[in-house]
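As provided, query05.pdb (PDB, C-alpha atoms) reads as follows.
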```pdb
ATOM      1  CA  MET A  55     -29.407 -38.324 -38.140
ATOM      2  CA  ILE A  56     -25.813 -38.262 -39.437
ATOM      3  CA  THR A  57     -23.227 -40.857 -38.457
ATOM      4  CA  VAL A  58     -19.628 -40.749 -39.677
ATOM      5  CA  GLU A  59     -17.584 -43.785 -38.662
ATOM      6  CA  ASN A  60     -13.803 -44.018 -39.124
ATOM      7  CA  VAL A  61     -13.849 -42.226 -42.468
ATOM      8  CA  THR A  62     -10.602 -41.635 -44.349
ATOM      9  CA  LYS A  63     -10.137 -39.890 -47.708
ATOM     10  CA  ARG A  64      -6.908 -39.354 -49.640
ATOM     11  CA  TYR A  65      -6.162 -37.421 -52.794
ATOM     12  CA  GLY A  66      -2.932 -39.055 -53.889
ATOM     13  CA  PRO A  67      -0.358 -38.341 -51.171
ATOM     14  CA  LEU A  68      -2.649 -35.802 -49.449
ATOM     15  CA  LEU A  69      -4.537 -37.167 -46.443
ATOM     16  CA  ALA A  70      -7.619 -34.921 -46.467
ATOM     17  CA  VAL A  71      -9.744 -36.768 -43.868
ATOM     18  CA  ASP A  72      -8.065 -38.986 -41.277
ATOM     19  CA  ASN A  73     -10.156 -41.662 -39.509
ATOM     20  CA  LEU A  74     -12.920 -39.143 -38.760
ATOM     21  CA  SER A  75     -15.915 -40.094 -36.590
ATOM     22  CA  PHE A  76     -18.830 -38.026 -35.256
ATOM     23  CA  GLN A  77     -22.627 -37.996 -34.964
ATOM     24  CA  VAL A  78     -25.238 -35.281 -35.495
ATOM     25  CA  ASP A  79     -28.663 -35.731 -33.904
ATOM     26  CA  ARG A  80     -31.992 -34.838 -35.459
ATOM     27  CA  GLY A  81     -32.803 -31.142 -35.140
ATOM     28  CA  GLU A  82     -29.273 -29.964 -34.283
ATOM     29  CA  VAL A  83     -27.594 -26.983 -35.931
ATOM     30  CA  VAL A  84     -23.919 -27.935 -35.834
ATOM     31  CA  GLY A  85     -21.033 -25.624 -36.660
ATOM     32  CA  PHE A  86     -18.180 -27.318 -38.536
ATOM     33  CA  LEU A  87     -14.913 -25.411 -38.095
ATOM     34  CA  GLY A  88     -11.295 -25.833 -39.060
ATOM     35  CA  PRO A  89      -8.411 -23.901 -40.636
ATOM     36  CA  ASN A  90      -7.961 -23.830 -44.393
ATOM     37  CA  GLY A  91      -6.973 -27.279 -45.625
ATOM     38  CA  ALA A  92      -8.322 -29.039 -42.518
ATOM     39  CA  GLY A  93     -10.706 -31.241 -44.524
ATOM     40  CA  LYS A  94     -14.035 -29.439 -44.010
ATOM     41  CA  THR A  95     -15.083 -29.235 -47.661
ATOM     42  CA  THR A  96     -13.952 -32.808 -48.329
ATOM     43  CA  THR A  97     -16.027 -34.006 -45.369
ATOM     44  CA  MET A  98     -19.078 -32.183 -46.695
ATOM     45  CA  ARG A  99     -18.583 -33.699 -50.134
ATOM     46  CA  LEU A 100     -18.394 -37.114 -48.487
ATOM     47  CA  LEU A 101     -21.619 -36.460 -46.577
ATOM     48  CA  THR A 102     -23.458 -35.430 -49.736
ATOM     49  CA  GLY A 103     -22.152 -38.339 -51.819
ATOM     50  CA  THR A 104     -20.164 -36.119 -54.181
ATOM     51  CA  VAL A 105     -17.082 -38.216 -53.399
ATOM     52  CA  GLN A 106     -16.750 -41.601 -51.715
ATOM     53  CA  PRO A 107     -14.537 -42.400 -48.699
ATOM     54  CA  ASP A 108     -11.524 -44.666 -49.098
ATOM     55  CA  THR A 109     -12.423 -46.374 -45.837
ATOM     56  CA  GLY A 110     -15.151 -45.986 -43.239
ATOM     57  CA  ARG A 111     -18.921 -45.622 -43.366
ATOM     58  CA  ILE A 112     -21.394 -42.720 -43.529
ATOM     59  CA  THR A 113     -25.088 -43.172 -42.746
ATOM     60  CA  LEU A 114     -27.968 -40.705 -42.729
ATOM     61  CA  ASP A 115     -30.899 -41.763 -40.588
ATOM     62  CA  GLY A 116     -29.727 -45.365 -40.893
ATOM     63  CA  LEU A 117     -29.223 -45.313 -44.683
ATOM     64  CA  SER A 118     -25.693 -45.951 -45.953
ATOM     65  CA  ILE A 119     -24.586 -43.370 -48.497
ATOM     66  CA  GLY A 120     -22.371 -46.005 -50.101
ATOM     67  CA  ASP A 121     -25.121 -48.609 -50.460
ATOM     68  CA  GLU A 122     -28.138 -46.363 -51.109
ATOM     69  CA  PRO A 123     -26.789 -43.097 -52.581
ATOM     70  CA  GLU A 124     -29.982 -41.994 -54.342
ATOM     71  CA  ALA A 125     -32.173 -42.546 -51.286
ATOM     72  CA  VAL A 126     -29.714 -40.623 -49.110
ATOM     73  CA  LYS A 127     -29.336 -37.718 -51.548
ATOM     74  CA  ARG A 128     -33.101 -37.228 -51.607
ATOM     75  CA  ARG A 129     -32.880 -36.320 -47.926
ATOM     76  CA  ILE A 130     -30.003 -33.829 -48.234
ATOM     77  CA  GLY A 131     -29.941 -30.213 -49.358
ATOM     78  CA  TYR A 132     -26.432 -28.973 -50.203
ATOM     79  CA  LEU A 133     -25.136 -25.440 -50.706
ATOM     80  CA  PRO A 134     -21.455 -25.682 -51.732
ATOM     81  CA  GLU A 135     -18.940 -22.940 -51.074
ATOM     82  CA  LEU A 136     -18.848 -22.001 -54.762
ATOM     83  CA  ASN A 137     -22.575 -21.592 -55.352
ATOM     84  CA  PRO A 138     -23.220 -22.901 -58.904
ATOM     85  CA  LEU A 139     -25.805 -20.701 -60.633
ATOM     86  CA  TYR A 140     -26.705 -20.045 -64.266
ATOM     87  CA  GLU A 141     -26.631 -16.270 -64.223
ATOM     88  CA  ASP A 142     -28.409 -15.817 -67.577
ATOM     89  CA  MET A 143     -31.509 -17.615 -66.230
ATOM     90  CA  LEU A 144     -34.346 -15.912 -64.417
ATOM     91  CA  VAL A 145     -34.549 -16.925 -60.748
ATOM     92  CA  CYS A 146     -37.903 -18.647 -61.350
ATOM     93  CA  GLU A 147     -36.474 -20.535 -64.354
ATOM     94  CA  TYR A 148     -33.481 -21.719 -62.384
ATOM     95  CA  LEU A 149     -35.609 -22.983 -59.508
ATOM     96  CA  GLU A 150     -37.844 -24.849 -61.964
ATOM     97  CA  TYR A 151     -34.745 -26.377 -63.581
ATOM     98  CA  ALA A 152     -33.284 -27.360 -60.184
ATOM     99  CA  GLY A 153     -36.625 -28.858 -59.144
ATOM    100  CA  ARG A 154     -36.858 -30.983 -62.299
ATOM    101  CA  LEU A 155     -33.356 -32.285 -61.615
ATOM    102  CA  ARG A 156     -34.725 -33.427 -58.263
ATOM    103  CA  GLY A 157     -37.541 -35.286 -59.992
ATOM    104  CA  LEU A 158     -40.307 -32.787 -59.200
ATOM    105  CA  GLU A 159     -43.064 -32.180 -61.754
ATOM    106  CA  GLY A 160     -46.410 -30.428 -62.164
ATOM    107  CA  ILE A 161     -48.275 -29.198 -59.105
ATOM    108  CA  GLU A 162     -45.647 -30.657 -56.769
ATOM    109  CA  LEU A 163     -42.912 -28.647 -58.521
ATOM    110  CA  ARG A 164     -44.902 -25.398 -58.483
ATOM    111  CA  ARG A 165     -45.727 -25.808 -54.808
ATOM    112  CA  ALA A 166     -42.075 -26.586 -53.976
ATOM    113  CA  ILE A 167     -40.856 -23.475 -55.828
ATOM    114  CA  LYS A 168     -43.444 -21.292 -54.084
ATOM    115  CA  ASP A 169     -42.565 -22.639 -50.638
ATOM    116  CA  ALA A 170     -38.773 -22.389 -51.150
ATOM    117  CA  ALA A 171     -39.022 -18.847 -52.564
ATOM    118  CA  GLU A 172     -41.169 -17.732 -49.625
ATOM    119  CA  GLU A 173     -38.907 -19.395 -47.074
ATOM    120  CA  THR A 174     -35.830 -17.638 -48.497
ATOM    121  CA  ASP A 175     -37.668 -14.341 -49.231
ATOM    122  CA  LEU A 176     -36.934 -14.186 -52.974
ATOM    123  CA  GLY A 177     -40.015 -12.155 -53.924
ATOM    124  CA  ASP A 178     -38.008  -9.079 -55.008
ATOM    125  CA  VAL A 179     -35.865 -11.008 -57.505
ATOM    126  CA  PHE A 180     -38.078 -13.961 -58.454
ATOM    127  CA  PHE A 181     -38.653 -12.792 -62.063
ATOM    128  CA  ARG A 182     -35.237 -11.175 -62.559
ATOM    129  CA  PRO A 183     -32.046 -12.612 -64.122
ATOM    130  CA  ILE A 184     -29.768 -14.214 -61.549
ATOM    131  CA  GLY A 185     -26.850 -12.153 -62.878
ATOM    132  CA  GLU A 186     -28.554  -8.950 -61.689
ATOM    133  CA  ALA A 187     -29.011 -10.221 -58.129
ATOM    134  CA  SER A 188     -26.704  -9.207 -55.268
ATOM    135  CA  LYS A 189     -24.365 -11.724 -53.660
ATOM    136  CA  GLY A 190     -26.742 -12.017 -50.720
ATOM    137  CA  PHE A 191     -29.675 -12.845 -52.971
ATOM    138  CA  LYS A 192     -27.532 -15.324 -54.909
ATOM    139  CA  GLN A 193     -26.892 -17.185 -51.657
ATOM    140  CA  ARG A 194     -30.638 -17.151 -51.004
ATOM    141  CA  ILE A 195     -31.248 -18.561 -54.489
ATOM    142  CA  GLY A 196     -28.769 -21.355 -53.791
ATOM    143  CA  LEU A 197     -30.508 -22.075 -50.488
ATOM    144  CA  ALA A 198     -33.899 -22.123 -52.188
ATOM    145  CA  ALA A 199     -32.625 -24.659 -54.731
ATOM    146  CA  ALA A 200     -31.293 -26.804 -51.877
ATOM    147  CA  LEU A 201     -34.716 -26.680 -50.167
ATOM    148  CA  LEU A 202     -36.920 -27.574 -53.147
ATOM    149  CA  HIS A 203     -37.185 -31.281 -52.372
ATOM    150  CA  ARG A 204     -37.871 -30.566 -48.682
ATOM    151  CA  PRO A 205     -34.719 -32.229 -47.308
ATOM    152  CA  GLU A 206     -34.418 -33.180 -43.659
ATOM    153  CA  ILE A 207     -30.695 -32.349 -43.643
ATOM    154  CA  LEU A 208     -28.978 -29.180 -44.895
ATOM    155  CA  VAL A 209     -25.227 -29.103 -45.515
ATOM    156  CA  LEU A 210     -24.015 -25.513 -45.923
ATOM    157  CA  ASP A 211     -20.410 -24.764 -46.869
ATOM    158  CA  GLU A 212     -19.435 -21.151 -46.076
ATOM    159  CA  PRO A 213     -22.928 -19.723 -46.822
ATOM    160  CA  THR A 214     -21.895 -16.144 -45.947
ATOM    161  CA  GLU A 215     -18.540 -16.081 -47.751
ATOM    162  CA  GLY A 216     -18.052 -12.778 -49.587
ATOM    163  CA  LEU A 217     -21.099 -11.080 -48.082
ATOM    164  CA  ASP A 218     -21.146  -7.650 -46.468
ATOM    165  CA  PRO A 219     -22.047  -7.375 -42.750
ATOM    166  CA  ASN A 220     -25.747  -6.683 -43.421
ATOM    167  CA  GLN A 221     -26.009  -9.628 -45.810
ATOM    168  CA  ARG A 222     -24.259 -11.868 -43.278
ATOM    169  CA  VAL A 223     -26.845 -10.999 -40.642
ATOM    170  CA  GLU A 224     -29.672 -11.734 -43.089
ATOM    171  CA  ILE A 225     -28.293 -15.148 -44.077
ATOM    172  CA  ARG A 226     -27.499 -15.941 -40.426
ATOM    173  CA  SER A 227     -31.113 -15.223 -39.482
ATOM    174  CA  LEU A 228     -32.312 -17.351 -42.387
ATOM    175  CA  VAL A 229     -30.142 -20.298 -41.318
ATOM    176  CA  SER A 230     -31.461 -19.999 -37.753
ATOM    177  CA  ALA A 231     -35.038 -20.100 -39.061
ATOM    178  CA  LEU A 232     -34.297 -23.086 -41.308
ATOM    179  CA  GLY A 233     -32.773 -24.920 -38.351
ATOM    180  CA  ARG A 234     -36.075 -24.987 -36.486
ATOM    181  CA  GLU A 235     -37.314 -27.813 -38.711
ATOM    182  CA  ARG A 236     -34.138 -29.392 -40.071
ATOM    183  CA  THR A 237     -30.775 -30.822 -39.126
ATOM    184  CA  ILE A 238     -28.041 -28.441 -40.325
ATOM    185  CA  LEU A 239     -24.277 -28.858 -40.665
ATOM    186  CA  LEU A 240     -22.744 -25.418 -41.203
ATOM    187  CA  SER A 241     -19.135 -24.768 -42.200
ATOM    188  CA  THR A 242     -17.905 -21.228 -41.597
ATOM    189  CA  HIS A 243     -14.881 -19.155 -40.618
ATOM    190  CA  VAL A 244     -17.035 -16.508 -38.924
ATOM    191  CA  MET A 245     -17.114 -17.157 -35.192
ATOM    192  CA  GLN A 246     -20.088 -14.842 -34.584
ATOM    193  CA  GLU A 247     -22.199 -17.040 -36.852
ATOM    194  CA  VAL A 248     -21.336 -20.133 -34.837
ATOM    195  CA  GLU A 249     -22.216 -18.493 -31.530
ATOM    196  CA  ALA A 250     -25.427 -17.002 -32.944
ATOM    197  CA  THR A 251     -26.810 -20.038 -34.794
ATOM    198  CA  CYS A 252     -25.226 -23.306 -33.645
ATOM    199  CA  THR A 253     -26.270 -25.583 -30.811
ATOM    200  CA  ARG A 254     -23.050 -27.573 -31.083
ATOM    201  CA  LEU A 255     -19.556 -27.276 -32.499
ATOM    202  CA  LEU A 256     -17.219 -29.682 -34.289
ATOM    203  CA  ILE A 257     -13.623 -28.572 -34.917
ATOM    204  CA  ILE A 258     -11.265 -30.510 -37.177
ATOM    205  CA  ASN A 259      -7.569 -30.036 -37.842
ATOM    206  CA  LYS A 260      -5.465 -31.967 -40.338
ATOM    207  CA  GLY A 261      -8.494 -34.155 -41.077
ATOM    208  CA  LYS A 262      -8.984 -35.177 -37.432
ATOM    209  CA  LEU A 263     -11.690 -34.214 -34.963
ATOM    210  CA  VAL A 264     -10.148 -32.118 -32.169
ATOM    211  CA  ALA A 265     -13.272 -30.804 -30.372
ATOM    212  CA  ASP A 266     -16.957 -31.692 -30.060
ATOM    213  CA  GLY A 267     -19.498 -29.989 -27.798
ATOM    214  CA  SER A 268     -21.551 -26.864 -27.204
ATOM    215  CA  VAL A 269     -19.745 -23.541 -27.424
ATOM    216  CA  ALA A 270     -20.283 -22.942 -23.695
ATOM    217  CA  SER A 271     -18.973 -26.360 -22.618
ATOM    218  CA  LEU A 272     -15.915 -26.173 -24.869
ATOM    219  CA  LEU A 273     -15.008 -22.699 -23.620
ATOM    220  CA  ALA A 274     -15.573 -23.714 -19.999
ATOM    221  CA  GLY A 275     -13.261 -26.693 -20.352
ATOM    222  CA  SER A 276     -10.558 -24.950 -22.362
ATOM    223  CA  GLY A 277      -8.720 -23.327 -19.448
ATOM    224  CA  LEU A 278      -8.416 -20.177 -21.557
ATOM    225  CA  ALA A 279      -8.903 -16.662 -20.189
ATOM    226  CA  THR A 280      -7.946 -13.070 -20.895
ATOM    227  CA  TYR A 281      -6.731 -10.807 -18.085
ATOM    228  CA  VAL A 282      -6.858  -7.034 -18.409
ATOM    229  CA  VAL A 283      -4.395  -5.236 -16.150
ATOM    230  CA  GLU A 284      -3.978  -1.460 -15.967
ATOM    231  CA  VAL A 285      -0.956  -0.650 -13.879
ATOM    232  CA  GLN A 286       1.588   2.074 -13.161
ATOM    233  CA  GLY A 287       5.104   0.852 -12.481
ATOM    234  CA  ASP A 288       8.449   0.110 -14.091
ATOM    235  CA  GLY A 289       8.726  -3.061 -16.183
ATOM    236  CA  ALA A 290       5.128  -4.075 -15.565
ATOM    237  CA  ALA A 291       4.326  -5.347 -19.063
ATOM    238  CA  THR A 292       7.478  -7.462 -19.301
ATOM    239  CA  ALA A 293       6.975  -8.951 -15.845
ATOM    240  CA  LEU A 294       3.287  -9.770 -16.399
ATOM    241  CA  ALA A 295       4.123 -11.574 -19.653
ATOM    242  CA  THR A 296       6.273 -14.052 -17.667
ATOM    243  CA  LEU A 297       3.371 -15.321 -15.561
ATOM    244  CA  PRO A 298       2.690 -19.076 -15.927
ATOM    245  CA  GLY A 299       0.344 -19.974 -18.789
ATOM    246  CA  VAL A 300       0.542 -16.614 -20.573
ATOM    247  CA  ARG A 301       0.681 -17.230 -24.324
ATOM    248  CA  GLN A 302       0.277 -13.759 -25.730
ATOM    249  CA  HIS A 303       0.174 -10.204 -24.459
ATOM    250  CA  THR A 304      -0.547  -6.779 -25.882
ATOM    251  CA  THR A 305       0.091  -3.383 -24.322
ATOM    252  CA  GLU A 306      -1.149   0.166 -24.727
ATOM    253  CA  THR A 307      -0.550   3.397 -22.832
ATOM    254  CA  VAL A 308      -3.500   5.036 -21.055
ATOM    255  CA  ASP A 309      -2.931   8.397 -19.303
ATOM    256  CA  GLY A 310       0.657   7.513 -18.467
ATOM    257  CA  ARG A 311      -0.257   4.018 -17.277
ATOM    258  CA  VAL A 312       0.155   0.739 -19.156
ATOM    259  CA  ARG A 313      -2.807  -1.466 -19.976
ATOM    260  CA  VAL A 314      -1.806  -5.085 -20.584
ATOM    261  CA  ARG A 315      -4.043  -7.817 -22.034
ATOM    262  CA  LEU A 316      -2.802 -11.309 -21.196
ATOM    263  CA  ALA A 317      -4.091 -14.357 -23.104
ATOM    264  CA  ALA A 318      -3.478 -17.330 -20.820
ATOM    265  CA  ALA A 319      -4.203 -21.035 -20.579
ATOM    266  CA  GLY A 320      -4.437 -23.045 -17.385
ATOM    267  CA  GLU A 321      -6.863 -23.901 -14.627
ATOM    268  CA  LYS A 322      -5.437 -21.483 -12.051
ATOM    269  CA  ASP A 323      -6.784 -17.964 -11.844
ATOM    270  CA  LEU A 324      -3.872 -15.531 -12.285
ATOM    271  CA  ARG A 325      -5.494 -12.594 -10.506
ATOM    272  CA  PRO A 326      -4.006 -13.394  -7.040
ATOM    273  CA  ARG A 327      -0.543 -13.706  -8.631
ATOM    274  CA  ILE A 328      -0.985 -10.400 -10.458
ATOM    275  CA  PHE A 329      -2.134  -8.641  -7.275
ATOM    276  CA  SER A 330       0.824 -10.033  -5.313
ATOM    277  CA  MET A 331       3.263  -9.022  -8.056
ATOM    278  CA  ALA A 332       1.908  -5.461  -8.041
ATOM    279  CA  ARG A 333       2.157  -5.264  -4.240
ATOM    280  CA  ASP A 334       5.681  -6.701  -4.060
ATOM    281  CA  ARG A 335       7.033  -4.437  -6.826
ATOM    282  CA  GLY A 336       5.350  -1.285  -5.622
ATOM    283  CA  TRP A 337       3.124  -0.835  -8.659
ATOM    284  CA  THR A 338      -0.122   1.106  -8.517
ATOM    285  CA  LEU A 339      -2.865  -1.212  -9.714
ATOM    286  CA  TRP A 340      -5.671   0.728 -11.401
ATOM    287  CA  GLU A 341      -7.635  -2.153 -12.936
ATOM    288  CA  LEU A 342      -7.638  -5.953 -12.894
ATOM    289  CA  HIS A 343     -10.310  -8.220 -14.320
ATOM    290  CA  ARG A 344     -10.695 -11.584 -16.027
ATOM    291  CA  GLU A 345     -12.668 -12.005 -19.252
ATOM    292  CA  ARG A 346     -14.351 -15.112 -20.598
ATOM    293  CA  ALA A 347     -12.359 -16.892 -23.272
ATOM    294  CA  SER A 348     -13.482 -16.247 -26.835
ATOM    295  CA  LEU A 349     -14.309 -18.838 -29.450
ATOM    296  CA  GLU A 350     -11.488 -17.429 -31.553
ATOM    297  CA  GLN A 351      -9.006 -18.153 -28.738
ATOM    298  CA  LEU A 352     -10.314 -21.708 -28.428
ATOM    299  CA  PHE A 353     -10.047 -22.206 -32.192
ATOM    300  CA  ARG A 354      -6.446 -20.995 -32.206
ATOM    301  CA  GLN A 355      -5.546 -23.193 -29.249
ATOM    302  CA  LEU A 356      -6.878 -26.297 -30.996
ATOM    303  CA  THR A 357      -5.542 -25.616 -34.492
ATOM    304  CA  THR A 358      -2.203 -23.863 -33.940
ATOM    305  CA  ASP A 359       0.926 -24.491 -31.941
ATOM    306  CA  GLU A 360       0.761 -22.374 -28.774
ATOM    307  CA  GLY A 361      -1.573 -19.933 -30.499
ATOM    308  CA  GLY A 362       1.084 -19.152 -33.108
ATOM    309  CA  GLU A 363       1.659 -20.697 -36.516
ATOM    310  CA  GLU A 364      -0.877 -23.088 -37.987
ATOM    311  CA  ARG A 365       0.025 -26.708 -37.531
ATOM    312  CA  GLN A 366       1.328 -28.424 -40.653
TER
END
```

Would you give me this structure, written as structure tokens?
Amino acid sequence: MITVENVTKRYGPLLAVDNLSFQVDRGEVVGFLGPNGAGKTTTMRLLTGTVQPDTGRITLDGLSIGDEPEAVKRRIGYLPELNPLYEDMLVCEYLEYAGRLRGLEGIELRRAIKDAAEETDLGDVFFRPIGEASKGFKQRIGLAAALLHRPEILVLDEPTEGLDPNQRVEIRSLVSALGRERTILLSTHVMQEVEATCTRLLIINKGKLVADGSVASLLAGSGLATYVVEVQGDGAATALATLPGVRQHTTETVDGRVRVRLAAAGEKDLRPRIFSMARDRGWTLWELHRERASLEQLFRQLTTDEGGEERQ
């Protein structure tokens, strides 16, 4: 449904997108992640035709956005990070205005407004000024405007930014429902949203693609794990932190014992080494288990140097 081939975009000396290539199939809900300044928003603007690439090619369902921009834009619904709304308008007035901009008129426009408002559950605010709506409802209004022309593809840039936890859950559920009938590319910094809504994950850093796959497959292949060790013995925390592959460790005291969490990378399971170390040094081992790597750990591994400072 979406094909990006060797796309590069510069803003003066800044290389925002660097020879980027990926594909999104019909019906996928794809999370698009990266640190600030990685090129996510620029990529989304390229996909929606807001800006044009310096080199490379973008096609949507076989249509080139460079050669047939109007035809492509008719098939895309876009919710930018800064949701542009006219807050002095009533919600119904704004949706009518947005629909007319999309070329909808008469019965077709009224039906589109009704369907979009129902799909985004705007009944409580439909006849109220946008300025009186909560941030969560404003995001719903933006989504409704993006849905008016019944697009096959939705591009959503940080749709839950600035929302409280309850509003995030509501928008997350809405995106999941929308994804049943559409292809969605979703940019977000919230890892729970990716795990809850996305069938696949793309991660970019410095304008380049650094990971592509399902959350489960990427975590399984990352070699990342967290080990929790509760132990009683001198120098345990310092010694455990020297084990091969350990990148970070935290400690806390529990009933006179030390509990150490080790974030490690590598294919070898460290539990036999930890057990042997405890035996050889005469420690009392109260607890030892290995936890599945988190998406946050994977993200840091791919976009920072050794899980520390962001790559520049």

Could you state which residues are captured by the PyMOL selection byres ((chain A and resi 332-349) around 6) in this file, as a ChimeraX atom specification?
/A:278-287,329-331,350-352

Got a sec to resolve the PyMOL selection byres ((chain A and resi 161-172) around 9) on this structure and send the residues as a list in words?
Cys146, Leu149, Glu150, Gly153, Arg154, Gly157, Leu158, Glu159, Gly160, Glu173, Thr174, Asp175, Leu176, Gly177, Phe180, Arg194, Ile195, Leu197, Ala198, Ala199, Ala200, Leu201, Leu202, His203 and Arg204 of chain A

Apply the PyMOL selection byres ((chain A and resi 212) around 8) to the displayed file and report the matching residues as number ranges by chain.
A: 134-135, 210-211, 213-215, 240-243

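Using only C-alpha atoms, the residues found no farther than 12 Å from Thr292 (chain A), other than those of its own chain fewer than 5 positions away, are A:Gly287, A:Leu297, A:Val300, A:Gln302, A:His303, A:Thr304, A:Thr305, A:Val312, A:Arg313, A:Val314, A:Arg315, A:Leu316.
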
Of the residues A:Ala274, A:Leu356, A:Leu114, A:Val244, which is the one nearest to Gly85 (chain A), using all atoms listed in the file?
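Of all the options, A:Val244 lies closest to Gly85 (chain A).
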
One decimal place gives the CA of Ile207 (chain A)-CA of Glu247 (chain A) separation as 18.8 Å

What does the distance from CA of Ile112 (chain A) to CA of Gly267 (chain A) come to in Å, to one decimal?
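Here the two named atoms are 20.3 Å from each other.
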
Point-to-point distance from CA of Met245 (chain A) to CA of Met98 (chain A), Å rounded to tenths
19.0 Å

Find the residues around Ile119 (chain A) up to 12 Å (all atoms listed in the file counted), leave out those fewer than 3 positions away in its own chain, and share them as a list in words.
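The contact residues come out as Ile56, Thr57, Val58, Arg99, Leu100, Leu101, Thr102, Gly103, Thr104, Val105, Gln106, Pro107, Gly110, Arg111, Ile112, Thr113, Leu114, Asp115, Gly116, Glu122, Pro123, Glu124, Ala125, Val126, Lys127, Arg128, Arg129 and Ile130 of chain A.
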
Can you pull out every residue within 9 Å of Phe181 (chain A), counting only C-alpha atoms, but drop anything in the same chain fewer than 6 positions away, and send it as a compact mmCIF listing (two decimals) with C-alpha atoms, in the frame of the given file?
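Saved result, part18.txt, follows:
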```txt
# COMPACT_ATOMS: atom_id res chain seq x y z
CA LEU A 144 -34.35 -15.91 -64.42
CA VAL A 145 -34.55 -16.92 -60.75
CA CYS A 146 -37.90 -18.65 -61.35
CA GLU A 147 -36.47 -20.54 -64.35
```

Missing atoms in region 63-68 of chain A: can you complete it with all heavy atoms, as a short mmCIF file (atom, residue, chain, number, x, y, z; two decimals), in the frame of the given file?
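File out02.cif, as written:
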```
data_model
loop_
_atom_site.label_atom_id
_atom_site.label_comp_id
_atom_site.auth_asym_id
_atom_site.auth_seq_id
_atom_site.Cartn_x
_atom_site.Cartn_y
_atom_site.Cartn_z
N LYS A 63 -10.14 -40.23 -46.29
CA LYS A 63 -10.14 -39.89 -47.71
C LYS A 63 -8.80 -39.28 -48.08
O LYS A 63 -8.32 -38.35 -47.44
CB LYS A 63 -11.26 -38.89 -48.03
CG LYS A 63 -11.31 -38.48 -49.49
CD LYS A 63 -11.65 -39.64 -50.41
CE LYS A 63 -11.68 -39.22 -51.86
NZ LYS A 63 -11.97 -40.39 -52.75
N ARG A 64 -8.18 -39.85 -49.12
CA ARG A 64 -6.91 -39.35 -49.64
C ARG A 64 -7.09 -38.86 -51.07
O ARG A 64 -7.90 -39.39 -51.83
CB ARG A 64 -5.84 -40.46 -49.65
CG ARG A 64 -5.34 -40.87 -48.28
CD ARG A 64 -4.27 -41.94 -48.42
NE ARG A 64 -3.73 -42.33 -47.14
CZ ARG A 64 -2.70 -41.72 -46.54
NH1 ARG A 64 -2.10 -40.71 -47.15
NH2 ARG A 64 -2.27 -42.12 -45.37
N TYR A 65 -6.32 -37.84 -51.41
CA TYR A 65 -6.16 -37.42 -52.79
C TYR A 65 -4.69 -37.59 -53.12
O TYR A 65 -3.87 -36.71 -52.84
CB TYR A 65 -6.59 -35.96 -52.98
CG TYR A 65 -8.06 -35.73 -52.74
CD1 TYR A 65 -8.50 -35.11 -51.57
CD2 TYR A 65 -9.02 -36.09 -53.69
CE1 TYR A 65 -9.86 -34.89 -51.35
CE2 TYR A 65 -10.36 -35.87 -53.48
CZ TYR A 65 -10.78 -35.27 -52.31
OH TYR A 65 -12.11 -35.04 -52.10
N GLY A 66 -4.34 -38.76 -53.67
CA GLY A 66 -2.93 -39.06 -53.89
C GLY A 66 -2.20 -39.09 -52.56
O GLY A 66 -2.65 -39.74 -51.61
N PRO A 67 -1.10 -38.33 -52.44
CA PRO A 67 -0.36 -38.34 -51.17
C PRO A 67 -1.00 -37.50 -50.07
O PRO A 67 -0.59 -37.57 -48.91
CB PRO A 67 1.00 -37.75 -51.57
CG PRO A 67 0.70 -36.86 -52.74
CD PRO A 67 -0.41 -37.54 -53.48
N LEU A 68 -2.02 -36.70 -50.42
CA LEU A 68 -2.65 -35.80 -49.45
C LEU A 68 -3.71 -36.55 -48.66
O LEU A 68 -4.67 -37.07 -49.22
CB LEU A 68 -3.28 -34.61 -50.16
CG LEU A 68 -4.10 -33.66 -49.27
CD1 LEU A 68 -3.20 -32.98 -48.24
CD2 LEU A 68 -4.84 -32.63 -50.10
#
```
